[in-house]
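Below you'll find the structure, written out as structure tokens, and then a few comments.
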Amino acid sequence: MHIITWLARRVGAAAILLWLVATVIFIAIRFIPGDPAEAIMGGPGSQASAEALEAAREQYHLNEPILVQYGLYLGKLATGDLGTSYAQHRPVAQVMAEMLPATLQLTLIALVIAWLIAFVMAAIAARSSRIGQAMGTIIEVIAAAIPHFWLGAMLIIIFSTWLGWLPAVDTGTVQGIILPAVTLAIPLSGFLAQLMRDSLLTAMNSPFALAARARGASEGQVFFRHGFRHAALPALNLTGWAVAASISGAVVVEEVFARPGLGRSLLGAVLSRDMPMVTGIALFSALIYMVVMLVVETIEAFINPAAARGDDQ
Amino acid sequence: MSQAAVEVKNLSVSFPGHGKSVIEAVKNVSFKLTPGKALGIVGESGSGKSVTARALLGLAGGQVTADVLNILGTDARKLPDAQWRELRGGKVAMILQDALNSLDPLRPIHREIADALPLARKARKHAAVEALRRVEMPNPTVRADQRSPQLSGGMRQRALIAQAMIGNPAVVVADEATTALDTRLTRLVLDQLHELTTQGIALAIISHDLAQIAQVADEIIVMRHGEIVEAGLTDQILERPSHDYTKQLLAAVPAGVPRFVPLAREVSQGATPQAGLPRSEASRKATDELAVEVTGLSKTFGDHVAVDDVSLSIGKGATLGLVGESGSGKTTTARMILGLTAPDTGTVHIFGEQFTPAKEIERRALRDRIGAIYQDPLASFDPRYSVSQILINALSQGTTSRARQYRKRAEELLETVELDSSVLSRYPRELSGGQRQRLAIARALAPEPDILILDEPVSALDVSVQATVLDLLDRIQLETATSYLFITHDLAVVEHMSDTIAVMTNGQLVETGIAEQILNHPRHTYTQELMAAAPTWGINRAS
């Protein structure tokens, strides 16, 4: 397929997906109990007067019929206007732009760490005995199952309180990001390692690996020329999900380590019913997911051109 | 006599089994490989022939011991891995069976062929293209950049040969290099292997098929349960086999054996002996009634004409052999007869009733009368179903897989296919290849069909196992007058099994007729070519 048509199709599909996500968010928000006008005025505790509430409703078109509201909402989104945060009284886009770098930095570092851990774990497990493999499986399952808040707390106790090596809260320094990133990475690496080990083992025992050995390749060459590619494919496939998972994981991790970021803003926005903020972050997460999937597919096409063209077998 | 390239004396290979037990895969095997000569190693799967072959490259795994293991003047008994790698990359090469996965599907084949060469990147690729040209790969420059899923089975096998030949080896080990290839490709690969010996290479050719090996090998060793049971010159093995097992292997080859004459000398373990069953042409219940009548079937996928105006008929209790190479449209024709693929044009009648085209609800009753068996039975079983669940599911027409009332009928079916009822609680993956194919037959027999479509039913089986399955199919046909459509690329099998033969190529039926006439007096040029490629060799059937 021609690259332009392919890209056009992708962008079209992404636009439709974003519209669906926006619609789902719009509907979901109507189901949240409580008066949005109250939230705008600072929540139920603010004791806002009836006139003030009415003014807020007027300002945010909350009195209009639901379809008109939906139309206005989509119209604003289409022009890139995410609205104004109820709680912070600033444009959502501006708040997000401030928070985004911190979260992206955290999730990217976490992804890299997760890939490294998973790769090393898979490589060790694939080369060890049956008992070693069983142990590997157990470690992977435990890693995948640990909740972020507990893991974060444990890492703080060990590395900050006891050993004093790393700060417990974000300090804006390099040391400050290590613990949050590792907290986010460990459960992810458990999932990735399980996938990688499976396909690595299959590849290393396949006839083409035997053929490679028969033409004089060393174990290391077999591993890097054949095993690694086959192991990376399913894990790459999962990376789109992994990014989404680390953004939702960031909600907890940023809170635990008191790091500013999108995740923490989302948590705050949900708690204070700051609907434009929730909408903005949710839509943005969907967009990131789509961009990551696009990148992943491109890398996959590079590793396995046959599958990308759809003529695999 | 010239100097031996490889000398092996009392080679044994063992693997750790469950607990402290030891599996002796190869026991005291001795042989020599001579430059310019081919040694054939024959045996069933599990006979230790592949492990023996891999021991010559230091890839057997397990515990290898030998009194002599001399490879090109090197004592290879305690060779360090680095030196093994040097031998493997250069002087000793292996040609693997193309199991679709012998070339890494993620890498272009020029890398798979040449990545062991100590050359620069560009030179390696150039060498790979040259190697492909030498094995007569069509379009070598284009093909070199493609990956194995884009190549046909024959091209992949050529690439595998090119891979083995690129380092100018002195010793080549070909492990089942012709298994699962169709007649013409087999011929081609065998010719290329023979060509190697004329270049002075010492060749070891391993196969379960004595007939194929006999065409290339100067000497043959026959292996069973890890031991050599017989060794000798090829002619001597073929004409005066001394060991019972060798005779059994020879008898299992279906070429030239008349219809309904049993191929397997020995009934496999746990089977029910068929007492006094008359097995001859005379006892057939065939009549003139037509079981299947196909007229003008055509199917086009996109702009590819898969099947073009095919008409054929099968008599009640008779077998039509459908022969053709891979991609000739055999399987699409079978799927249309089964009502699984809708034809663009054409009709299928079953016992005079219209089966295609017809509304699904109208033809449902007819579906029970027609069953199918495929090459890979494991893929057609739900891996989570036990044997009893598979059979009960078929008996109850998919309504249940556990009901007790079908149990007796399930046992009867197993008895029909000569399987012990103890397999009921086991799972398909725990069965051997032959047992799985028997189970597939049992399942197909559950609705008591009048017609069976057999799509390459024995192509994945060893010759000796194939013999027992073919005998079973013969017996079922004699007892129940079931009609068979027998699809295969193997001419010897089709000769043994068919009353009439239809030959397909490029989606068209080029010739149809009585089996004897097609085989001995083919009229169409394609059929003549096909027959010319078939193995021609004499076996003393009187033994």
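Residue numbers start at 1 in each chain; chains themselves are named A, B, ... in the order of the structure tokens; ligands are numbered from 1 in the order shown.
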Counting only C-alpha atoms, which residues of chain A fall within 7 Å of chain B, and what is the closest atom pair for each with its distance in Å at one decimal, ordered by chain and rising number, as a tab-separated table?
residue	atom	partner	partner_atom	distance
A:Ser206	CA	B:Asn101	CA	6.9
A:Pro207	CA	B:Ser102	CA	4.6
A:Phe208	CA	B:Ser102	CA	4.0
A:Ala211	CA	B:Ser102	CA	6.4
A:Ala214	CA	B:Arg88	CA	5.6
A:Arg215	CA	B:Gly89	CA	4.3
A:Gly216	CA	B:Gly89	CA	4.0
A:Ala217	CA	B:Arg85	CA	6.7
A:Ile303	CA	B:Leu106	CA	6.6
A:Asn304	CA	B:Leu106	CA	5.4
A:Asp312	CA	B:Pro149	CA	5.8
A:Gln313	CA	B:Pro149	CA	5.6
Could you write those residues out with N, CA and C atoms, as a PDB file, in the first residue's frame?
ATOM      1  N   SER A 206      13.335 -23.502  17.557  1.00  0.00           N
ATOM      2  CA  SER A 206      12.689 -23.724  16.271  1.00  0.00           C
ATOM      3  C   SER A 206      13.685 -24.291  15.261  1.00  0.00           C
ATOM      4  N   PRO A 207      13.186 -24.847  14.168  1.00  0.00           N
ATOM      5  CA  PRO A 207      14.082 -25.371  13.137  1.00  0.00           C
ATOM      6  C   PRO A 207      15.024 -24.299  12.581  1.00  0.00           C
ATOM      7  N   PHE A 208      14.574 -23.039  12.493  1.00  0.00           N
ATOM      8  CA  PHE A 208      15.481 -22.052  11.913  1.00  0.00           C
ATOM      9  C   PHE A 208      16.637 -21.737  12.850  1.00  0.00           C
ATOM     10  N   ALA A 211      18.940 -24.529  12.187  1.00  0.00           N
ATOM     11  CA  ALA A 211      19.621 -24.276  10.911  1.00  0.00           C
ATOM     12  C   ALA A 211      20.755 -23.275  11.109  1.00  0.00           C
ATOM     13  N   ALA A 214      23.533 -24.997  12.711  1.00  0.00           N
ATOM     14  CA  ALA A 214      24.154 -25.920  11.753  1.00  0.00           C
ATOM     15  C   ALA A 214      25.070 -25.190  10.792  1.00  0.00           C
ATOM     16  N   ARG A 215      24.849 -23.872  10.575  1.00  0.00           N
ATOM     17  CA  ARG A 215      25.777 -23.174   9.696  1.00  0.00           C
ATOM     18  C   ARG A 215      26.804 -22.400  10.508  1.00  0.00           C
ATOM     19  N   GLY A 216      26.961 -22.804  11.765  1.00  0.00           N
ATOM     20  CA  GLY A 216      28.090 -22.333  12.545  1.00  0.00           C
ATOM     21  C   GLY A 216      27.843 -21.139  13.435  1.00  0.00           C
ATOM     22  N   ALA A 217      26.587 -20.728  13.599  1.00  0.00           N
ATOM     23  CA  ALA A 217      26.314 -19.583  14.456  1.00  0.00           C
ATOM     24  C   ALA A 217      26.509 -19.956  15.925  1.00  0.00           C
ATOM     25  N   ILE A 303      10.320  -4.853  11.332  1.00  0.00           N
ATOM     26  CA  ILE A 303      10.807  -6.174  11.725  1.00  0.00           C
ATOM     27  C   ILE A 303      10.188  -7.267  10.858  1.00  0.00           C
ATOM     28  N   ASN A 304       8.915  -7.141  10.557  1.00  0.00           N
ATOM     29  CA  ASN A 304       8.205  -8.208   9.861  1.00  0.00           C
ATOM     30  C   ASN A 304       7.379  -7.643   8.709  1.00  0.00           C
ATOM     31  N   ASP A 312       1.255 -12.724   5.093  1.00  0.00           N
ATOM     32  CA  ASP A 312       1.912 -13.738   5.918  1.00  0.00           C
ATOM     33  C   ASP A 312       1.115 -15.034   5.815  1.00  0.00           C
ATOM     34  N   GLN A 313       1.638 -15.975   5.119  1.00  0.00           N
ATOM     35  CA  GLN A 313       1.002 -17.273   4.851  1.00  0.00           C
ATOM     36  C   GLN A 313      -0.308 -17.157   4.093  1.00  0.00           C
TER      37      GLN A 313
END
TODO: Would you mind listing what lies within 12 Å of Ser246 in chain A as a ChimeraX atom specification, with only C-alpha atoms counted and same-chain residues fewer than 4 positions away left out?
DONE: /A:103-112,114,148,180-189,239-242,250-254,262-263,285,288-289
Selected residues, N, CA, C and O atoms, written as a CSV table (one decimal), in the first residue's frame, please.
chain,number,residue,atom,x,y,z
A,103,THR,N,4.8,13.9,33.2
A,103,THR,CA,4.2,12.6,33.1
A,103,THR,C,4.8,11.8,31.9
A,103,THR,O,5.1,10.7,32.1
A,104,LEU,N,5.0,12.5,30.8
A,104,LEU,CA,5.7,11.8,29.7
A,104,LEU,C,7.1,11.3,30.1
A,104,LEU,O,7.4,10.2,29.8
A,105,GLN,N,7.8,12.2,30.8
A,105,GLN,CA,9.1,11.8,31.2
A,105,GLN,C,9.0,10.5,32.1
A,105,GLN,O,9.8,9.6,31.9
A,106,LEU,N,8.1,10.6,33.0
A,106,LEU,CA,7.9,9.4,33.9
A,106,LEU,C,7.6,8.2,33.2
A,106,LEU,O,8.2,7.1,33.4
A,107,THR,N,6.6,8.2,32.3
A,107,THR,CA,6.1,7.0,31.6
A,107,THR,C,7.2,6.5,30.6
A,107,THR,O,7.4,5.3,30.5
A,108,LEU,N,7.9,7.4,29.9
A,108,LEU,CA,8.9,6.9,29.0
A,108,LEU,C,10.0,6.3,29.7
A,108,LEU,O,10.5,5.2,29.3
A,109,ILE,N,10.5,6.9,30.8
A,109,ILE,CA,11.6,6.2,31.6
A,109,ILE,C,11.1,4.9,32.1
A,109,ILE,O,11.8,3.9,32.0
A,110,ALA,N,9.9,4.9,32.6
A,110,ALA,CA,9.3,3.6,33.1
A,110,ALA,C,9.3,2.5,32.0
A,110,ALA,O,9.6,1.4,32.3
A,111,LEU,N,8.9,2.9,30.8
A,111,LEU,CA,8.8,2.0,29.7
A,111,LEU,C,10.1,1.4,29.4
A,111,LEU,O,10.3,0.2,29.2
A,112,VAL,N,11.1,2.3,29.3
A,112,VAL,CA,12.5,1.8,29.0
A,112,VAL,C,13.0,0.8,30.1
A,112,VAL,O,13.5,-0.2,29.8
A,114,ALA,N,11.1,-0.9,32.1
A,114,ALA,CA,10.3,-2.2,32.0
A,114,ALA,C,10.9,-3.1,30.9
A,114,ALA,O,11.0,-4.3,31.1
A,148,HIS,N,0.6,-0.7,42.4
A,148,HIS,CA,1.6,0.4,42.4
A,148,HIS,C,1.8,1.0,43.8
A,148,HIS,O,2.9,1.3,44.2
A,180,PRO,N,9.9,6.6,41.4
A,180,PRO,CA,8.6,6.6,40.7
A,180,PRO,C,8.6,5.7,39.4
A,180,PRO,O,7.7,4.9,39.2
A,181,ALA,N,9.7,5.9,38.7
A,181,ALA,CA,9.8,5.2,37.4
A,181,ALA,C,9.9,3.7,37.6
A,181,ALA,O,9.2,2.9,36.9
A,182,VAL,N,10.7,3.3,38.6
A,182,VAL,CA,10.8,1.9,38.9
A,182,VAL,C,9.5,1.3,39.4
A,182,VAL,O,9.1,0.2,39.0
A,183,THR,N,8.8,2.1,40.2
A,183,THR,CA,7.5,1.6,40.7
A,183,THR,C,6.6,1.3,39.5
A,183,THR,O,5.8,0.3,39.5
A,184,LEU,N,6.6,2.2,38.6
A,184,LEU,CA,5.7,2.1,37.4
A,184,LEU,C,6.2,0.9,36.5
A,184,LEU,O,5.4,0.2,35.9
A,185,ALA,N,7.5,0.7,36.5
A,185,ALA,CA,8.1,-0.2,35.5
A,185,ALA,C,7.9,-1.7,36.0
A,185,ALA,O,7.7,-2.6,35.1
A,186,ILE,N,8.1,-2.0,37.3
A,186,ILE,CA,8.1,-3.4,37.7
A,186,ILE,C,6.9,-4.2,37.3
A,186,ILE,O,7.0,-5.3,36.7
A,187,PRO,N,5.7,-3.7,37.6
A,187,PRO,CA,4.5,-4.6,37.2
A,187,PRO,C,4.5,-4.8,35.7
A,187,PRO,O,4.2,-5.8,35.2
A,188,LEU,N,4.8,-3.7,34.9
A,188,LEU,CA,4.8,-3.8,33.5
A,188,LEU,C,5.8,-4.8,33.0
A,188,LEU,O,5.5,-5.6,32.1
A,189,SER,N,7.0,-4.8,33.6
A,189,SER,CA,8.0,-5.7,33.2
A,189,SER,C,7.6,-7.2,33.4
A,189,SER,O,8.0,-8.1,32.6
A,239,THR,N,3.0,-2.8,23.7
A,239,THR,CA,3.5,-1.6,24.2
A,239,THR,C,2.4,-0.5,24.2
A,239,THR,O,2.4,0.4,25.0
A,240,GLY,N,1.5,-0.5,23.2
A,240,GLY,CA,0.4,0.4,23.2
A,240,GLY,C,-0.4,0.3,24.4
A,240,GLY,O,-0.7,1.4,25.1
A,241,TRP,N,-0.7,-0.9,24.8
A,241,TRP,CA,-1.4,-1.1,26.1
A,241,TRP,C,-0.5,-0.6,27.2
A,241,TRP,O,-1.0,0.0,28.2
A,242,ALA,N,0.8,-0.9,27.1
A,242,ALA,CA,1.7,-0.6,28.2
A,242,ALA,C,1.7,0.9,28.5
A,242,ALA,O,1.7,1.3,29.6
A,250,ALA,N,0.3,6.1,36.4
A,250,ALA,CA,0.9,7.4,36.9
A,250,ALA,C,0.0,8.1,37.8
A,250,ALA,O,0.4,8.9,38.7
A,251,VAL,N,-1.4,7.9,37.7
A,251,VAL,CA,-2.3,8.5,38.6
A,251,VAL,C,-1.9,8.1,40.1
A,251,VAL,O,-1.9,9.0,40.9
A,252,VAL,N,-1.6,6.8,40.3
A,252,VAL,CA,-1.3,6.4,41.6
A,252,VAL,C,0.1,6.8,42.0
A,252,VAL,O,0.4,7.4,43.1
A,253,VAL,N,1.0,6.6,41.1
A,253,VAL,CA,2.5,6.8,41.4
A,253,VAL,C,2.7,8.3,41.7
A,253,VAL,O,3.5,8.6,42.6
A,254,GLU,N,2.2,9.1,40.9
A,254,GLU,CA,2.4,10.6,41.1
A,254,GLU,C,1.9,11.0,42.4
A,254,GLU,O,2.4,11.9,43.1
A,262,LEU,N,0.1,14.7,34.9
A,262,LEU,CA,-1.2,14.6,34.4
A,262,LEU,C,-2.0,13.6,35.3
A,262,LEU,O,-3.2,13.8,35.6
A,263,GLY,N,-1.4,12.5,35.7
A,263,GLY,CA,-2.1,11.6,36.5
A,263,GLY,C,-2.7,12.2,37.8
A,263,GLY,O,-3.8,12.0,38.2
A,285,SER,N,-5.1,11.3,26.7
A,285,SER,CA,-4.6,9.9,26.9
A,285,SER,C,-4.9,9.0,25.6
A,285,SER,O,-4.1,8.3,25.2
A,288,ILE,N,-2.6,9.9,22.9
A,288,ILE,CA,-1.2,9.4,23.1
A,288,ILE,C,-1.2,7.9,22.7
A,288,ILE,O,-0.4,7.4,22.0
A,289,TYR,N,-2.3,7.2,23.1
A,289,TYR,CA,-2.4,5.8,22.8
A,289,TYR,C,-2.3,5.5,21.3
A,289,TYR,O,-1.6,4.7,20.8
TODO: Measuring atom to atom with only C-alpha atoms, identify which of A:Ile66, A:Ala8, A:Ala258, A:Ala145 is nearest to Ile27 in chain A.
DONE: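 Of all the options, A:Ile66 lies closest to Ile27 in chain A.
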Open item on the list: From a backbone DSSP assignment, name each residue in range 234-383 of chain B labelled strand (DSSP E or B), as a VMD selection string.
Closed with: chain B and resid 290 to 301 304 to 315 319 to 323 345 to 350 353 to 356 370 to 373
Open item on the list: Give me the residues near range 394-404 of chain B as a VMD selection string, where near means some atom within 12 Å (using only C-alpha atoms) and where sequence neighbours in that chain fewer than 2 positions away do not count.
Closed with: chain B and resid 364 to 365 367 to 368 371 381 to 382 384 to 392 406 to 413 424 to 425 439 to 449
For N, CA and C atoms, I'd like the residues from the last selection saved as a compact mmCIF listing (two decimals), in the first residue's frame.
# COMPACT_ATOMS: atom_id res chain seq x y z
N ARG B 364 -28.93 -29.56 5.15
CA ARG B 364 -28.35 -30.00 6.41
C ARG B 364 -28.39 -31.52 6.57
N ALA B 365 -29.50 -32.12 6.20
CA ALA B 365 -29.64 -33.58 6.34
C ALA B 365 -28.60 -34.30 5.49
N ARG B 367 -25.65 -33.22 4.83
CA ARG B 367 -24.30 -33.01 5.36
C ARG B 367 -23.78 -34.21 6.14
N ASP B 368 -24.69 -34.91 6.83
CA ASP B 368 -24.28 -36.09 7.59
C ASP B 368 -23.74 -37.20 6.70
N GLY B 371 -18.31 -36.66 4.91
CA GLY B 371 -17.37 -36.27 5.97
C GLY B 371 -16.00 -35.97 5.39
N PHE B 381 -8.62 -30.78 15.94
CA PHE B 381 -9.19 -31.17 17.23
C PHE B 381 -9.09 -30.00 18.20
N ASP B 382 -10.14 -29.79 18.99
CA ASP B 382 -10.05 -28.81 20.07
C ASP B 382 -9.07 -29.36 21.11
N ARG B 384 -8.56 -28.85 24.07
CA ARG B 384 -9.06 -29.06 25.43
C ARG B 384 -10.04 -30.23 25.51
N TYR B 385 -10.33 -30.86 24.36
CA TYR B 385 -11.24 -32.00 24.36
C TYR B 385 -10.44 -33.30 24.46
N SER B 386 -10.86 -34.20 25.33
CA SER B 386 -10.26 -35.52 25.37
C SER B 386 -10.81 -36.32 24.20
N VAL B 387 -10.22 -37.51 23.97
CA VAL B 387 -10.67 -38.34 22.86
C VAL B 387 -12.16 -38.66 23.00
N SER B 388 -12.59 -38.99 24.23
CA SER B 388 -14.01 -39.33 24.39
C SER B 388 -14.89 -38.12 24.13
N GLN B 389 -14.44 -36.94 24.56
CA GLN B 389 -15.25 -35.74 24.30
C GLN B 389 -15.34 -35.45 22.80
N ILE B 390 -14.23 -35.67 22.10
CA ILE B 390 -14.23 -35.43 20.65
C ILE B 390 -15.24 -36.34 19.97
N LEU B 391 -15.21 -37.63 20.35
CA LEU B 391 -16.11 -38.59 19.69
C LEU B 391 -17.56 -38.37 20.09
N ILE B 392 -17.80 -38.12 21.39
CA ILE B 392 -19.19 -37.92 21.84
C ILE B 392 -19.77 -36.66 21.21
N TYR B 406 -23.54 -42.15 24.79
CA TYR B 406 -22.79 -42.30 23.54
C TYR B 406 -21.50 -43.10 23.75
N ARG B 407 -21.20 -43.38 25.00
CA ARG B 407 -19.92 -43.99 25.33
C ARG B 407 -19.68 -45.31 24.57
N LYS B 408 -20.72 -46.14 24.54
CA LYS B 408 -20.57 -47.45 23.91
C LYS B 408 -20.28 -47.28 22.42
N ARG B 409 -21.01 -46.36 21.81
CA ARG B 409 -20.82 -46.10 20.38
C ARG B 409 -19.40 -45.55 20.13
N ALA B 410 -18.91 -44.71 21.03
CA ALA B 410 -17.56 -44.18 20.90
C ALA B 410 -16.53 -45.30 20.93
N GLU B 411 -16.77 -46.27 21.83
CA GLU B 411 -15.84 -47.41 21.91
C GLU B 411 -15.88 -48.24 20.63
N GLU B 412 -17.09 -48.39 20.09
CA GLU B 412 -17.20 -49.13 18.83
C GLU B 412 -16.44 -48.44 17.70
N LEU B 413 -16.53 -47.11 17.69
CA LEU B 413 -15.81 -46.36 16.65
C LEU B 413 -14.31 -46.58 16.77
N LEU B 424 -9.51 -43.30 25.32
CA LEU B 424 -10.66 -42.41 25.51
C LEU B 424 -10.37 -41.23 26.44
N SER B 425 -9.61 -41.48 27.50
CA SER B 425 -9.40 -40.42 28.48
C SER B 425 -8.21 -39.55 28.12
N LEU B 439 -7.97 -41.41 14.91
CA LEU B 439 -9.02 -40.71 15.66
C LEU B 439 -9.81 -39.80 14.71
N ALA B 440 -9.11 -39.13 13.81
CA ALA B 440 -9.80 -38.27 12.84
C ALA B 440 -10.75 -39.09 11.98
N ILE B 441 -10.32 -40.31 11.62
CA ILE B 441 -11.18 -41.18 10.83
C ILE B 441 -12.39 -41.60 11.66
N ALA B 442 -12.14 -41.96 12.93
CA ALA B 442 -13.24 -42.36 13.81
C ALA B 442 -14.26 -41.24 13.93
N ARG B 443 -13.77 -40.01 14.08
CA ARG B 443 -14.70 -38.90 14.21
C ARG B 443 -15.50 -38.68 12.92
N ALA B 444 -14.81 -38.83 11.80
CA ALA B 444 -15.51 -38.65 10.53
C ALA B 444 -16.56 -39.73 10.32
N LEU B 445 -16.32 -40.92 10.92
CA LEU B 445 -17.26 -42.02 10.73
C LEU B 445 -18.47 -41.92 11.65
N ALA B 446 -18.41 -41.03 12.65
CA ALA B 446 -19.47 -40.97 13.66
C ALA B 446 -20.87 -40.80 13.07
N PRO B 447 -21.10 -39.89 12.14
CA PRO B 447 -22.46 -39.78 11.59
C PRO B 447 -22.76 -40.83 10.52
N GLU B 448 -21.95 -41.86 10.41
CA GLU B 448 -22.10 -42.91 9.41
C GLU B 448 -22.24 -42.32 8.01
N PRO B 449 -21.20 -41.65 7.53
CA PRO B 449 -21.29 -41.01 6.22
C PRO B 449 -21.19 -42.04 5.08
